[in-house]
>>> print(open('upload.cif').read())   # mmCIF, N, CA and C atoms
data_work
loop_
_atom_site.label_atom_id
_atom_site.label_comp_id
_atom_site.auth_asym_id
_atom_site.auth_seq_id
_atom_site.Cartn_x
_atom_site.Cartn_y
_atom_site.Cartn_z
N MET A 1 -3.48 0.37 -13.93
CA MET A 1 -4.33 1.47 -13.49
C MET A 1 -4.48 1.39 -11.97
N ALA A 2 -4.23 2.49 -11.31
CA ALA A 2 -4.32 2.54 -9.85
C ALA A 2 -5.76 2.31 -9.42
N ASN A 3 -5.93 1.56 -8.33
CA ASN A 3 -7.29 1.31 -7.88
C ASN A 3 -7.83 2.50 -7.08
N LEU A 4 -9.12 2.55 -6.95
CA LEU A 4 -9.80 3.67 -6.32
C LEU A 4 -9.39 3.85 -4.86
N VAL A 5 -9.23 2.76 -4.14
CA VAL A 5 -8.84 2.85 -2.73
C VAL A 5 -7.49 3.57 -2.61
N THR A 6 -6.54 3.22 -3.45
CA THR A 6 -5.23 3.85 -3.42
C THR A 6 -5.35 5.35 -3.68
N LYS A 7 -6.16 5.72 -4.66
CA LYS A 7 -6.34 7.14 -4.97
C LYS A 7 -6.99 7.89 -3.81
N ILE A 8 -7.94 7.27 -3.15
CA ILE A 8 -8.58 7.91 -1.99
C ILE A 8 -7.56 8.09 -0.87
N ILE A 9 -6.76 7.07 -0.61
CA ILE A 9 -5.73 7.15 0.43
C ILE A 9 -4.76 8.30 0.12
N LEU A 10 -4.33 8.42 -1.12
CA LEU A 10 -3.42 9.50 -1.49
C LEU A 10 -4.08 10.87 -1.31
N TYR A 11 -5.34 10.98 -1.69
CA TYR A 11 -6.09 12.22 -1.51
C TYR A 11 -6.16 12.59 -0.03
N LEU A 12 -6.47 11.61 0.80
CA LEU A 12 -6.56 11.85 2.24
C LEU A 12 -5.20 12.30 2.80
N GLU A 13 -4.15 11.60 2.41
CA GLU A 13 -2.80 11.96 2.88
C GLU A 13 -2.43 13.37 2.46
N ASP A 14 -2.75 13.75 1.23
CA ASP A 14 -2.45 15.10 0.75
C ASP A 14 -3.22 16.16 1.54
N ASN A 15 -4.28 15.73 2.19
CA ASN A 15 -5.09 16.66 2.98
C ASN A 15 -4.92 16.44 4.48
N GLY A 16 -3.78 15.84 4.85
CA GLY A 16 -3.40 15.71 6.25
C GLY A 16 -4.11 14.64 7.04
N LYS A 17 -4.69 13.68 6.37
CA LYS A 17 -5.44 12.64 7.07
C LYS A 17 -4.88 11.27 6.72
N THR A 18 -4.76 10.41 7.71
CA THR A 18 -4.34 9.03 7.45
C THR A 18 -5.37 8.09 8.07
N ILE A 19 -5.60 7.01 7.39
CA ILE A 19 -6.54 6.00 7.87
C ILE A 19 -6.16 4.66 7.25
N ASP A 20 -6.28 3.62 8.00
CA ASP A 20 -5.96 2.28 7.53
C ASP A 20 -7.07 1.81 6.60
N GLU A 21 -6.71 1.52 5.37
CA GLU A 21 -7.71 1.13 4.38
C GLU A 21 -8.41 -0.19 4.70
N SER A 22 -7.84 -0.98 5.59
CA SER A 22 -8.48 -2.25 5.95
C SER A 22 -9.39 -2.11 7.17
N SER A 23 -9.46 -0.91 7.73
CA SER A 23 -10.26 -0.71 8.94
C SER A 23 -11.75 -0.59 8.63
N ASP A 24 -12.56 -0.89 9.63
CA ASP A 24 -14.00 -0.69 9.50
C ASP A 24 -14.33 0.78 9.29
N ASP A 25 -13.55 1.66 9.92
CA ASP A 25 -13.77 3.10 9.74
C ASP A 25 -13.65 3.49 8.27
N PHE A 26 -12.64 2.97 7.60
CA PHE A 26 -12.46 3.30 6.19
C PHE A 26 -13.67 2.85 5.37
N ARG A 27 -14.09 1.61 5.62
CA ARG A 27 -15.22 1.07 4.84
C ARG A 27 -16.52 1.82 5.12
N PHE A 28 -16.64 2.41 6.31
CA PHE A 28 -17.83 3.19 6.63
C PHE A 28 -17.75 4.60 6.03
N LEU A 29 -16.58 5.22 6.17
CA LEU A 29 -16.43 6.61 5.72
C LEU A 29 -16.42 6.75 4.20
N TYR A 30 -15.84 5.77 3.52
CA TYR A 30 -15.68 5.86 2.06
C TYR A 30 -16.23 4.57 1.45
N VAL A 31 -17.47 4.61 1.05
CA VAL A 31 -18.14 3.41 0.56
C VAL A 31 -17.86 3.27 -0.94
N ILE A 32 -17.17 2.18 -1.28
CA ILE A 32 -16.80 1.90 -2.66
C ILE A 32 -17.64 0.73 -3.14
N GLN A 33 -18.14 0.85 -4.35
CA GLN A 33 -19.01 -0.20 -4.89
C GLN A 33 -18.60 -0.52 -6.31
N ASN A 34 -18.90 -1.73 -6.71
CA ASN A 34 -18.71 -2.18 -8.08
C ASN A 34 -19.98 -2.94 -8.46
N ASP A 35 -20.67 -2.48 -9.46
CA ASP A 35 -21.94 -3.08 -9.87
C ASP A 35 -21.78 -4.21 -10.88
N SER A 36 -20.56 -4.62 -11.14
CA SER A 36 -20.27 -5.68 -12.10
C SER A 36 -20.87 -5.39 -13.47
N ASP A 37 -20.85 -4.12 -13.84
CA ASP A 37 -21.39 -3.71 -15.14
C ASP A 37 -20.28 -3.33 -16.12
N GLY A 38 -19.04 -3.65 -15.72
CA GLY A 38 -17.89 -3.34 -16.57
C GLY A 38 -17.34 -1.94 -16.37
N LYS A 39 -17.97 -1.15 -15.53
CA LYS A 39 -17.52 0.23 -15.31
C LYS A 39 -16.53 0.33 -14.15
N GLY A 40 -16.35 -0.74 -13.41
CA GLY A 40 -15.38 -0.77 -12.32
C GLY A 40 -15.89 -0.17 -11.03
N ASP A 41 -14.96 0.05 -10.11
CA ASP A 41 -15.28 0.60 -8.80
C ASP A 41 -15.66 2.07 -8.91
N TYR A 42 -16.53 2.48 -8.01
CA TYR A 42 -16.87 3.90 -7.91
C TYR A 42 -17.17 4.23 -6.45
N LEU A 43 -17.09 5.49 -6.15
CA LEU A 43 -17.34 5.97 -4.80
C LEU A 43 -18.85 6.15 -4.63
N LYS A 44 -19.46 5.24 -3.88
CA LYS A 44 -20.92 5.28 -3.71
C LYS A 44 -21.32 6.37 -2.72
N SER A 45 -20.58 6.46 -1.61
CA SER A 45 -20.89 7.53 -0.66
C SER A 45 -19.64 7.94 0.11
N TRP A 46 -19.64 9.20 0.48
CA TRP A 46 -18.54 9.81 1.23
C TRP A 46 -19.14 10.28 2.54
N ASN A 47 -18.81 9.59 3.62
CA ASN A 47 -19.39 9.90 4.93
C ASN A 47 -18.44 10.62 5.86
N ASP A 48 -17.33 11.10 5.34
CA ASP A 48 -16.34 11.81 6.14
C ASP A 48 -16.67 13.31 6.10
N LYS A 49 -17.13 13.83 7.22
CA LYS A 49 -17.52 15.24 7.29
C LYS A 49 -16.33 16.16 7.54
N SER A 50 -15.15 15.58 7.83
CA SER A 50 -13.98 16.39 8.14
C SER A 50 -13.20 16.83 6.91
N ILE A 51 -13.53 16.27 5.76
CA ILE A 51 -12.80 16.60 4.53
C ILE A 51 -13.77 16.49 3.35
N SER A 52 -13.64 17.42 2.42
CA SER A 52 -14.59 17.44 1.31
C SER A 52 -14.39 16.25 0.38
N GLU A 53 -15.47 15.81 -0.20
CA GLU A 53 -15.44 14.69 -1.13
C GLU A 53 -14.77 15.12 -2.43
N PRO A 54 -13.79 14.37 -2.89
CA PRO A 54 -13.13 14.73 -4.15
C PRO A 54 -14.00 14.36 -5.34
N ASP A 55 -13.89 15.15 -6.39
CA ASP A 55 -14.61 14.77 -7.61
C ASP A 55 -13.76 13.76 -8.39
N GLU A 56 -14.33 13.21 -9.42
CA GLU A 56 -13.65 12.17 -10.20
C GLU A 56 -12.34 12.68 -10.80
N SER A 57 -12.34 13.92 -11.24
CA SER A 57 -11.13 14.51 -11.82
C SER A 57 -10.00 14.58 -10.79
N THR A 58 -10.33 14.96 -9.57
CA THR A 58 -9.33 15.04 -8.52
C THR A 58 -8.75 13.66 -8.24
N LEU A 59 -9.63 12.66 -8.11
CA LEU A 59 -9.14 11.30 -7.86
C LEU A 59 -8.29 10.80 -9.02
N ASN A 60 -8.69 11.12 -10.24
CA ASN A 60 -7.92 10.68 -11.41
C ASN A 60 -6.54 11.32 -11.46
N SER A 61 -6.38 12.47 -10.81
CA SER A 61 -5.07 13.13 -10.79
C SER A 61 -4.05 12.33 -9.98
N TYR A 62 -4.51 11.36 -9.23
CA TYR A 62 -3.62 10.51 -8.42
C TYR A 62 -3.22 9.22 -9.14
N GLU A 63 -3.51 9.12 -10.41
CA GLU A 63 -3.23 7.89 -11.17
C GLU A 63 -1.74 7.52 -11.14
N THR A 64 -0.88 8.46 -11.48
CA THR A 64 0.55 8.17 -11.53
C THR A 64 1.10 7.82 -10.15
N ALA A 65 0.78 8.62 -9.17
CA ALA A 65 1.23 8.36 -7.80
C ALA A 65 0.66 7.04 -7.29
N GLY A 66 -0.58 6.75 -7.66
CA GLY A 66 -1.20 5.49 -7.24
C GLY A 66 -0.52 4.29 -7.86
N ASN A 67 -0.18 4.39 -9.12
CA ASN A 67 0.54 3.29 -9.78
C ASN A 67 1.89 3.05 -9.12
N ALA A 68 2.58 4.13 -8.77
CA ALA A 68 3.89 4.00 -8.12
C ALA A 68 3.74 3.34 -6.75
N ARG A 69 2.73 3.75 -6.00
CA ARG A 69 2.53 3.17 -4.66
C ARG A 69 2.18 1.69 -4.77
N GLU A 70 1.31 1.33 -5.70
CA GLU A 70 0.92 -0.08 -5.86
C GLU A 70 2.10 -0.93 -6.32
N SER A 71 2.94 -0.38 -7.17
CA SER A 71 4.13 -1.09 -7.63
C SER A 71 5.09 -1.33 -6.46
N LEU A 72 5.27 -0.32 -5.63
CA LEU A 72 6.13 -0.46 -4.46
C LEU A 72 5.59 -1.51 -3.50
N ARG A 73 4.29 -1.50 -3.26
CA ARG A 73 3.69 -2.51 -2.38
C ARG A 73 3.90 -3.92 -2.91
N GLU A 74 3.81 -4.06 -4.22
CA GLU A 74 4.02 -5.38 -4.82
C GLU A 74 5.45 -5.86 -4.58
N VAL A 75 6.41 -4.97 -4.79
CA VAL A 75 7.82 -5.31 -4.56
C VAL A 75 8.03 -5.66 -3.09
N GLN A 76 7.49 -4.84 -2.19
CA GLN A 76 7.66 -5.10 -0.76
C GLN A 76 7.05 -6.44 -0.36
N GLY A 77 5.92 -6.78 -0.93
CA GLY A 77 5.29 -8.06 -0.63
C GLY A 77 6.13 -9.23 -1.08
N LYS A 78 6.69 -9.13 -2.29
CA LYS A 78 7.54 -10.22 -2.80
C LYS A 78 8.80 -10.36 -1.95
N ARG A 79 9.38 -9.23 -1.59
CA ARG A 79 10.58 -9.28 -0.76
C ARG A 79 10.28 -9.91 0.59
N LYS A 80 9.18 -9.52 1.18
CA LYS A 80 8.82 -10.02 2.51
C LYS A 80 8.74 -11.55 2.52
N ILE A 81 8.17 -12.11 1.48
CA ILE A 81 8.02 -13.56 1.38
C ILE A 81 9.38 -14.25 1.26
N GLU A 82 10.31 -13.63 0.54
CA GLU A 82 11.57 -14.30 0.22
C GLU A 82 12.72 -13.99 1.17
N TYR A 83 12.61 -12.93 1.98
CA TYR A 83 13.68 -12.64 2.93
C TYR A 83 13.84 -13.81 3.89
N PRO A 84 15.08 -13.98 4.37
CA PRO A 84 15.26 -14.99 5.42
C PRO A 84 14.40 -14.62 6.64
N ASN A 85 13.99 -15.62 7.37
CA ASN A 85 13.18 -15.42 8.58
C ASN A 85 13.82 -14.38 9.48
N ILE A 86 13.01 -13.48 10.03
CA ILE A 86 13.53 -12.41 10.88
C ILE A 86 14.27 -12.98 12.09
N GLY A 87 13.81 -14.09 12.62
CA GLY A 87 14.51 -14.72 13.73
C GLY A 87 15.91 -15.15 13.34
N ASP A 88 16.04 -15.71 12.13
CA ASP A 88 17.36 -16.11 11.64
C ASP A 88 18.26 -14.89 11.44
N GLN A 89 17.68 -13.79 10.95
CA GLN A 89 18.46 -12.57 10.76
C GLN A 89 18.97 -12.03 12.10
N LEU A 90 18.08 -12.00 13.09
CA LEU A 90 18.48 -11.50 14.41
C LEU A 90 19.51 -12.41 15.06
N ASP A 91 19.34 -13.71 14.92
CA ASP A 91 20.29 -14.66 15.48
C ASP A 91 21.66 -14.45 14.84
N ASP A 92 21.68 -14.24 13.53
CA ASP A 92 22.93 -14.00 12.82
C ASP A 92 23.60 -12.72 13.33
N LEU A 93 22.81 -11.68 13.54
CA LEU A 93 23.35 -10.43 14.07
C LEU A 93 23.92 -10.64 15.47
N TYR A 94 23.18 -11.35 16.31
CA TYR A 94 23.62 -11.58 17.68
C TYR A 94 24.93 -12.36 17.73
N LYS A 95 24.98 -13.43 16.97
CA LYS A 95 26.15 -14.31 17.01
C LYS A 95 27.39 -13.66 16.43
N LYS A 96 27.22 -12.86 15.41
CA LYS A 96 28.39 -12.34 14.69
C LYS A 96 28.61 -10.85 14.91
N GLY A 97 27.69 -10.18 15.59
CA GLY A 97 27.84 -8.74 15.82
C GLY A 97 27.50 -7.91 14.61
N ALA A 98 27.25 -8.55 13.51
CA ALA A 98 26.85 -7.91 12.25
C ALA A 98 26.35 -9.03 11.35
N PHE A 99 25.69 -8.67 10.29
CA PHE A 99 25.26 -9.72 9.36
C PHE A 99 26.48 -10.43 8.81
N SER A 100 26.41 -11.74 8.76
CA SER A 100 27.47 -12.51 8.12
C SER A 100 27.42 -12.24 6.62
N ASP A 101 28.48 -12.56 5.95
CA ASP A 101 28.50 -12.39 4.49
C ASP A 101 27.39 -13.21 3.85
N ASP A 102 27.13 -14.39 4.43
CA ASP A 102 26.10 -15.27 3.89
C ASP A 102 24.71 -14.63 4.01
N MET A 103 24.39 -14.08 5.19
CA MET A 103 23.08 -13.46 5.40
C MET A 103 22.95 -12.21 4.54
N ALA A 104 24.00 -11.42 4.47
CA ALA A 104 23.96 -10.21 3.64
C ALA A 104 23.74 -10.58 2.18
N ALA A 105 24.35 -11.67 1.73
CA ALA A 105 24.19 -12.12 0.35
C ALA A 105 22.75 -12.57 0.09
N LYS A 106 22.14 -13.25 1.07
CA LYS A 106 20.74 -13.68 0.91
C LYS A 106 19.81 -12.47 0.78
N ILE A 107 20.02 -11.48 1.63
CA ILE A 107 19.18 -10.28 1.59
C ILE A 107 19.40 -9.52 0.28
N LYS A 108 20.66 -9.38 -0.13
CA LYS A 108 20.96 -8.68 -1.38
C LYS A 108 20.34 -9.41 -2.57
N ALA A 109 20.36 -10.73 -2.56
CA ALA A 109 19.77 -11.50 -3.67
C ALA A 109 18.26 -11.21 -3.80
N VAL A 110 17.59 -11.11 -2.68
CA VAL A 110 16.15 -10.80 -2.73
C VAL A 110 15.94 -9.38 -3.24
N LYS A 111 16.74 -8.42 -2.77
CA LYS A 111 16.62 -7.03 -3.22
C LYS A 111 16.90 -6.93 -4.72
N ASP A 112 17.90 -7.66 -5.18
CA ASP A 112 18.24 -7.63 -6.62
C ASP A 112 17.14 -8.27 -7.46
N LYS A 113 16.54 -9.33 -6.94
CA LYS A 113 15.48 -10.03 -7.67
C LYS A 113 14.23 -9.18 -7.78
N HIS A 114 13.96 -8.35 -6.75
CA HIS A 114 12.76 -7.51 -6.72
C HIS A 114 13.15 -6.06 -6.47
N PRO A 115 13.74 -5.39 -7.48
CA PRO A 115 14.19 -4.02 -7.30
C PRO A 115 13.01 -3.03 -7.23
N LYS A 116 13.24 -1.96 -6.51
CA LYS A 116 12.26 -0.87 -6.53
C LYS A 116 12.44 -0.13 -7.84
N SER A 117 11.36 0.25 -8.45
CA SER A 117 11.45 0.95 -9.75
C SER A 117 12.04 2.32 -9.61
#
>>> encode(input="upload.cif", output="structure tokens")
Amino acid sequence: MANLVTKIILYLEDNGKTIDESSDDFRFLYVIQNDSDGKGDYLKSWNDKSISEPDESTLNSYETAGNARESLREVQGKRKIEYPNIGDQLDDLYKKGAFSDDMAAKIKAVKDKHPKS
């Protein structure tokens, strides 16, 4: 199930707005709370005057897109950890004018291990 933050980000993007979800601005404009009552996260307050607050139905319409985005982020995170060090990749490019077969094989192995859905 896509988390509420992801759904809010998708809603904002669909309405021409982008904001970093880890920023203080995001936490101020879109206050999300969880009361530990088993009901999960909810939007406690919407302080963004530049765009109307979505209702629950609108946010729920982003479930499929949210799941896809979260899945992609997970794959990207796994790949990032396992890719060869960027310095090693650049050194390989510099020395050989292109990725060596060895470096290309390492990168391909990571991509194959963590495919995008």
>>> residues_around(input="upload.cif", residues="range 6-18 of chain A", least_positions_apart="6", cutoff="6 Å", atoms="all atoms listed in the file", output="ChimeraX atom specification")
/A:59,62,66
>>> resolve_selection(input="upload.cif", expression="the PyMOL selection byres ((chain A and resi 28-35) around 8)", output="JSON, numbers by chain")
{"A": [4, 5, 23, 24, 25, 26, 27, 36, 37, 38, 39, 40, 41, 42, 43, 44, 45, 46, 47, 48, 49]}
>>> atom_distance(input="upload.cif", atom1="CA of Lys106 in chain A", atom2="atom N of Asn85 in chain A")
9.5 Å
>>> atom_distance(input="upload.cif", atom1="CA of Lys116 in chain A", atom2="CA of Asn3 in chain A")
19.7 Å
>>> atom_distance(input="upload.cif", atom1="atom C of Glu56 in chain A", atom2="atom C of Ile19 in chain A")
20.7 Å
>>> closest_residue(input="upload.cif", among="A:Lys108, A:Ser117, A:Ser22, A:Phe99", to="Glu70 in chain A", atoms="only C-alpha atoms")
A:Ser117
>>> axis_aligned_box(input="upload.cif", around="range 35-50 of chain A", padding_each_side="8 Å", output="lines of an AutoDock Vina configuration file")
center_x = -17.6
center_y = 5.6
center_z = -4.2
size_x = 24.7
size_y = 38.5
size_z = 40.7
>>> select_by_dssp(input="upload.cif", residues="chain A", states="helix (DSSP H, G or I)", output="VMD selection string")
chain A and resid 4 to 14 24 to 29 56 to 60 63 to 82 86 to 96 101 to 113
>>> closest_residue(input="upload.cif", among="A:His114, A:Ala105, A:Lys96, A:Asp88", to="Val75 in chain A", atoms="only N, CA and C atoms")
A:His114
>>> select_by_dssp(input="upload.cif", residues="chain A", states="strand (DSSP E or B)", output="PyMOL selection string")
chain A and resi 30-34+41-46
>>> closest_residue(input="upload.cif", among="A:Tyr83, A:Pro115, A:Gly77, A:Thr64", to="Met103 in chain A", atoms="only C-alpha atoms")
A:Tyr83
